[in-house]
Amino acid sequence: MGKRSRRPFQRRREAPDLSKWVPRTQLGKLVMSGDVKSLDEILSKGQKILEPEIVDFLLPDLDEEVIEIKNTQRMTTCGRKMTMRAVLLIGDKKGHVAMGVGKAPETRDAIQEALKDAKKNMMCVPLGCGSWECGCGTAHSVPMQVKGKSANTEITIRPAPRGVGLVAGGTSRKVLAISGVRDVWCTAHGRTRNALNVVTATLDALNALNKQKKGKVDLK
């Protein structure tokens, strides 16, 4: 018999039930009433999302992917206490992505906590075409070269022409794909075995696009 191939852990997406949602924050009330109609409007104003249901209401078609499930231990007065840590990614493949980290005694509860944490940390990824070899003007890559860092892990993302695909490592490729980037060159330096650091550094690089001044990129 041949060797059985290992597949990444995929979690079945459950449709959010918002029938019993009662907003507790002013932002949640504005979203439910229809005064706020898009997540970009919230992120552009720098408002903090405190209710995960806000993201479920505005982005019902989110994709989820569990990056890592790890067993952690800590010493207490009663002995060693074991907990499960889950690192999860969510995104709509249209320029919205977030990472969440959750801890719980059981794996399923840790994933749920990570999902709630991710929905409170949504970010917008400005897509574009910053490659001088392409210049098509469509939103298939990133507008410019950016760098991100987490601990001793550093990620560099460079725009690529259409058709190149995601030239990146496995963990960084998952972050870029779920955020909506289709063509890019990505290099990593430092300790890349730590999946949490790689995901955080990649998101830091993508978030650097929001800090750039507008009008500095010529796509032609």
# chains A, B, ... in the order shown; residues from 1 in each chain; ligands from 1

call {"tool": "residues_around", "arguments": {"residues": "A:Thr25", "least_positions_apart": "2", "cutoff": "12 Å", "atoms": "only C-alpha atoms", "output": "ChimeraX atom specification"}}
result
/A:21-23,27-32,47-54

call {"tool": "closest_atom_pairs", "arguments": {"of": "stretch 39-134 of chain A", "to": "stretch 180-196 of chain A", "cutoff": "8 Å", "atoms": "only C-alpha atoms", "output": "CSV"}}
result
residue,atom,partner,partner_atom,distance
A:Ile67,CA,A:Ala195,CA,7.4
A:Glu68,CA,A:Ala195,CA,7.1
A:Val87,CA,A:Leu196,CA,7.1
A:Asp92,CA,A:Gly180,CA,7.3
A:Lys93,CA,A:Gly180,CA,3.8
A:Lys94,CA,A:Gly180,CA,4.8
A:Gly95,CA,A:Gly180,CA,5.4
A:His96,CA,A:Gly180,CA,7.7
A:Leu127,CA,A:Val181,CA,7.1

call {"tool": "write_last_selection", "arguments": {"atoms": "C-alpha atoms", "output": "mmCIF file, in the first residue's frame"}}
result
data_model
loop_
_atom_site.group_PDB
_atom_site.id
_atom_site.type_symbol
_atom_site.label_atom_id
_atom_site.label_comp_id
_atom_site.auth_asym_id
_atom_site.auth_seq_id
_atom_site.Cartn_x
_atom_site.Cartn_y
_atom_site.Cartn_z
ATOM 1 C CA ILE A 67 -2.871 27.336 10.271
ATOM 2 C CA GLU A 68 -1.667 25.629 13.428
ATOM 3 C CA VAL A 87 -3.949 29.961 14.905
ATOM 4 C CA ASP A 92 -12.935 36.922 1.646
ATOM 5 C CA LYS A 93 -10.243 36.808 -1.094
ATOM 6 C CA LYS A 94 -11.267 40.345 -2.028
ATOM 7 C CA GLY A 95 -8.934 42.414 0.122
ATOM 8 C CA HIS A 96 -10.015 41.572 3.680
ATOM 9 C CA LEU A 127 -4.725 45.459 -4.083
#

call {"tool": "atom_distance", "arguments": {"atom1": "atom CA of A:Leu166", "atom2": "atom CA of A:Ser179"}}
result
11.9 Å

call {"tool": "residues_around", "arguments": {"residues": "A:Leu89", "least_positions_apart": "5", "cutoff": "7 Å", "atoms": "only C-alpha atoms", "output": "compact mmCIF listing (two decimals) with C-alpha atoms, in the first residue's frame"}}
result
# COMPACT_ATOMS: atom_id res chain seq x y z
CA GLU A 64 -11.54 30.01 7.22
CA GLU A 65 -8.30 28.08 7.43
CA VAL A 66 -6.60 26.70 10.52
CA ILE A 67 -2.87 27.34 10.27
CA ALA A 98 -7.35 38.71 9.65
CA MET A 99 -5.59 36.31 11.99
CA GLY A 100 -6.84 35.07 15.32

call {"tool": "select_by_dssp", "arguments": {"residues": "stretch 42-117 of chain A", "states": "strand (DSSP E)", "output": "NGL selection string"}}
result
:A and (63-76 or 79-91 or 96-104)

call {"tool": "select_by_dssp", "arguments": {"residues": "stretch 3-202 of chain A", "states": "alpha helix (DSSP H)", "output": "number ranges by chain"}}
result
A: 26-33, 39-44, 52-58, 107-119, 170-179, 195-202

call {"tool": "write_last_selection", "arguments": {"atoms": "N, CA and C atoms", "output": "compact mmCIF listing (two decimals), in the first residue's frame"}}
result
# COMPACT_ATOMS: atom_id res chain seq x y z
N GLN A 26 -22.32 50.86 19.99
CA GLN A 26 -22.91 51.84 19.07
C GLN A 26 -22.63 51.46 17.62
N LEU A 27 -21.44 50.94 17.36
CA LEU A 27 -21.11 50.52 16.00
C LEU A 27 -22.00 49.37 15.55
N GLY A 28 -22.24 48.42 16.45
CA GLY A 28 -23.12 47.31 16.10
C GLY A 28 -24.53 47.76 15.78
N LYS A 29 -25.03 48.74 16.52
CA LYS A 29 -26.37 49.26 16.26
C LYS A 29 -26.44 49.97 14.91
N LEU A 30 -25.37 50.68 14.54
CA LEU A 30 -25.33 51.35 13.24
C LEU A 30 -25.28 50.34 12.10
N VAL A 31 -24.57 49.23 12.31
CA VAL A 31 -24.49 48.20 11.28
C VAL A 31 -25.84 47.52 11.09
N MET A 32 -26.50 47.19 12.18
CA MET A 32 -27.80 46.51 12.07
C MET A 32 -28.86 47.42 11.47
N SER A 33 -28.80 48.71 11.76
CA SER A 33 -29.79 49.65 11.22
C SER A 33 -29.56 49.99 9.75
N LEU A 39 -17.47 47.14 5.46
CA LEU A 39 -16.40 47.04 6.44
C LEU A 39 -15.32 48.07 6.17
N ASP A 40 -15.13 48.45 4.91
CA ASP A 40 -14.12 49.46 4.58
C ASP A 40 -14.44 50.79 5.25
N GLU A 41 -15.71 51.09 5.37
CA GLU A 41 -16.12 52.33 6.02
C GLU A 41 -15.70 52.35 7.49
N ILE A 42 -15.77 51.19 8.13
CA ILE A 42 -15.37 51.09 9.53
C ILE A 42 -13.85 51.18 9.66
N LEU A 43 -13.13 50.46 8.80
CA LEU A 43 -11.67 50.43 8.90
C LEU A 43 -11.04 51.76 8.51
N SER A 44 -11.64 52.48 7.55
CA SER A 44 -11.10 53.77 7.13
C SER A 44 -11.17 54.81 8.24
N PRO A 52 -17.95 40.27 17.12
CA PRO A 52 -17.70 39.46 15.92
C PRO A 52 -18.89 39.44 14.96
N GLU A 53 -20.09 39.65 15.48
CA GLU A 53 -21.28 39.61 14.62
C GLU A 53 -21.28 40.72 13.58
N ILE A 54 -20.53 41.79 13.83
CA ILE A 54 -20.45 42.88 12.85
C ILE A 54 -19.82 42.37 11.56
N VAL A 55 -18.76 41.59 11.68
CA VAL A 55 -18.10 41.02 10.50
C VAL A 55 -19.00 40.00 9.83
N ASP A 56 -19.72 39.19 10.60
CA ASP A 56 -20.65 38.22 10.02
C ASP A 56 -21.75 38.92 9.24
N PHE A 57 -22.17 40.08 9.70
CA PHE A 57 -23.25 40.82 9.04
C PHE A 57 -22.79 41.45 7.74
N LEU A 58 -21.57 41.99 7.74
CA LEU A 58 -21.06 42.71 6.56
C LEU A 58 -20.35 41.79 5.58
N THR A 107 -9.70 21.39 21.56
CA THR A 107 -9.32 21.93 20.25
C THR A 107 -10.45 22.73 19.62
N ARG A 108 -11.66 22.20 19.66
CA ARG A 108 -12.80 22.88 19.06
C ARG A 108 -13.04 24.25 19.70
N ASP A 109 -12.92 24.32 21.02
CA ASP A 109 -13.13 25.59 21.71
C ASP A 109 -12.01 26.57 21.38
N ALA A 110 -10.79 26.08 21.21
CA ALA A 110 -9.68 26.95 20.85
C ALA A 110 -9.88 27.55 19.46
N ILE A 111 -10.41 26.76 18.54
CA ILE A 111 -10.68 27.27 17.19
C ILE A 111 -11.77 28.33 17.23
N GLN A 112 -12.80 28.11 18.04
CA GLN A 112 -13.87 29.11 18.17
C GLN A 112 -13.34 30.42 18.75
N GLU A 113 -12.47 30.32 19.75
CA GLU A 113 -11.89 31.52 20.33
C GLU A 113 -11.00 32.25 19.31
N ALA A 114 -10.25 31.48 18.51
CA ALA A 114 -9.42 32.09 17.47
C ALA A 114 -10.27 32.77 16.41
N LEU A 115 -11.42 32.18 16.09
CA LEU A 115 -12.32 32.78 15.10
C LEU A 115 -12.88 34.10 15.60
N LYS A 116 -13.28 34.15 16.86
CA LYS A 116 -13.78 35.40 17.43
C LYS A 116 -12.70 36.47 17.46
N ASP A 117 -11.48 36.05 17.81
CA ASP A 117 -10.37 37.00 17.87
C ASP A 117 -10.04 37.54 16.49
N ALA A 118 -10.11 36.70 15.46
CA ALA A 118 -9.80 37.14 14.10
C ALA A 118 -10.82 38.17 13.61
N LYS A 119 -12.08 37.96 13.92
CA LYS A 119 -13.12 38.88 13.46
C LYS A 119 -12.99 40.26 14.09
N GLY A 170 4.87 28.11 2.12
CA GLY A 170 3.55 27.54 2.35
C GLY A 170 2.67 28.40 3.24
N THR A 171 3.19 28.87 4.38
CA THR A 171 2.38 29.66 5.30
C THR A 171 2.08 31.03 4.72
N SER A 172 3.08 31.69 4.16
CA SER A 172 2.85 33.01 3.55
C SER A 172 1.89 32.93 2.37
N ARG A 173 1.97 31.83 1.61
CA ARG A 173 1.08 31.66 0.47
C ARG A 173 -0.38 31.59 0.91
N LYS A 174 -0.63 30.93 2.04
CA LYS A 174 -2.00 30.84 2.54
C LYS A 174 -2.54 32.22 2.92
N VAL A 175 -1.69 33.04 3.54
CA VAL A 175 -2.12 34.39 3.93
C VAL A 175 -2.42 35.23 2.69
N LEU A 176 -1.54 35.17 1.70
CA LEU A 176 -1.73 35.96 0.49
C LEU A 176 -2.94 35.50 -0.30
N ALA A 177 -3.15 34.19 -0.38
CA ALA A 177 -4.27 33.66 -1.16
C ALA A 177 -5.61 34.03 -0.53
N ILE A 178 -5.73 33.94 0.79
CA ILE A 178 -7.01 34.21 1.43
C ILE A 178 -7.29 35.71 1.48
N SER A 179 -6.25 36.53 1.29
CA SER A 179 -6.46 37.98 1.25
C SER A 179 -6.82 38.49 -0.13
N ALA A 195 5.13 29.20 12.68
CA ALA A 195 4.03 29.60 11.80
C ALA A 195 3.38 30.89 12.25
N LEU A 196 3.27 31.10 13.56
CA LEU A 196 2.64 32.32 14.07
C LEU A 196 3.44 33.56 13.68
N ASN A 197 4.77 33.48 13.78
CA ASN A 197 5.60 34.63 13.40
C ASN A 197 5.52 34.91 11.91
N VAL A 198 5.47 33.85 11.09
CA VAL A 198 5.39 34.04 9.64
C VAL A 198 4.06 34.71 9.25
N VAL A 199 2.97 34.24 9.85
CA VAL A 199 1.67 34.84 9.54
C VAL A 199 1.63 36.29 9.99
N THR A 200 2.14 36.57 11.20
CA THR A 200 2.13 37.94 11.71
C THR A 200 3.00 38.86 10.87
N ALA A 201 4.16 38.38 10.43
CA ALA A 201 5.05 39.19 9.59
C ALA A 201 4.43 39.45 8.23
N THR A 202 3.76 38.45 7.66
CA THR A 202 3.11 38.64 6.36
C THR A 202 1.96 39.66 6.46

call {"tool": "atom_distance", "arguments": {"atom1": "atom CA of A:Ser131", "atom2": "atom CA of A:Ala168"}}
result
16.7 Å

call {"tool": "residues_around", "arguments": {"residues": "A:Asp204", "least_positions_apart": "6", "cutoff": "12 Å", "atoms": "only C-alpha atoms", "output": "ChimeraX atom specification"}}
result
/A:97-99,123-125,146-151,153-157,172,175-176,197-198,210-211

call {"tool": "closest_residue", "arguments": {"among": "A:Arg162, A:Leu203, A:Asn121, A:Gly34", "to": "A:Ser141", "atoms": "only C-alpha atoms"}}
result
A:Arg162

call {"tool": "atom_distance", "arguments": {"atom1": "atom CA of A:Val142", "atom2": "atom CA of A:Pro126"}}
result
7.0 Å

call {"tool": "closest_residue", "arguments": {"among": "A:Gly163, A:Gly46, A:Gly102, A:Gly135", "to": "A:Lys70", "atoms": "only C-alpha atoms"}}
result
A:Gly102
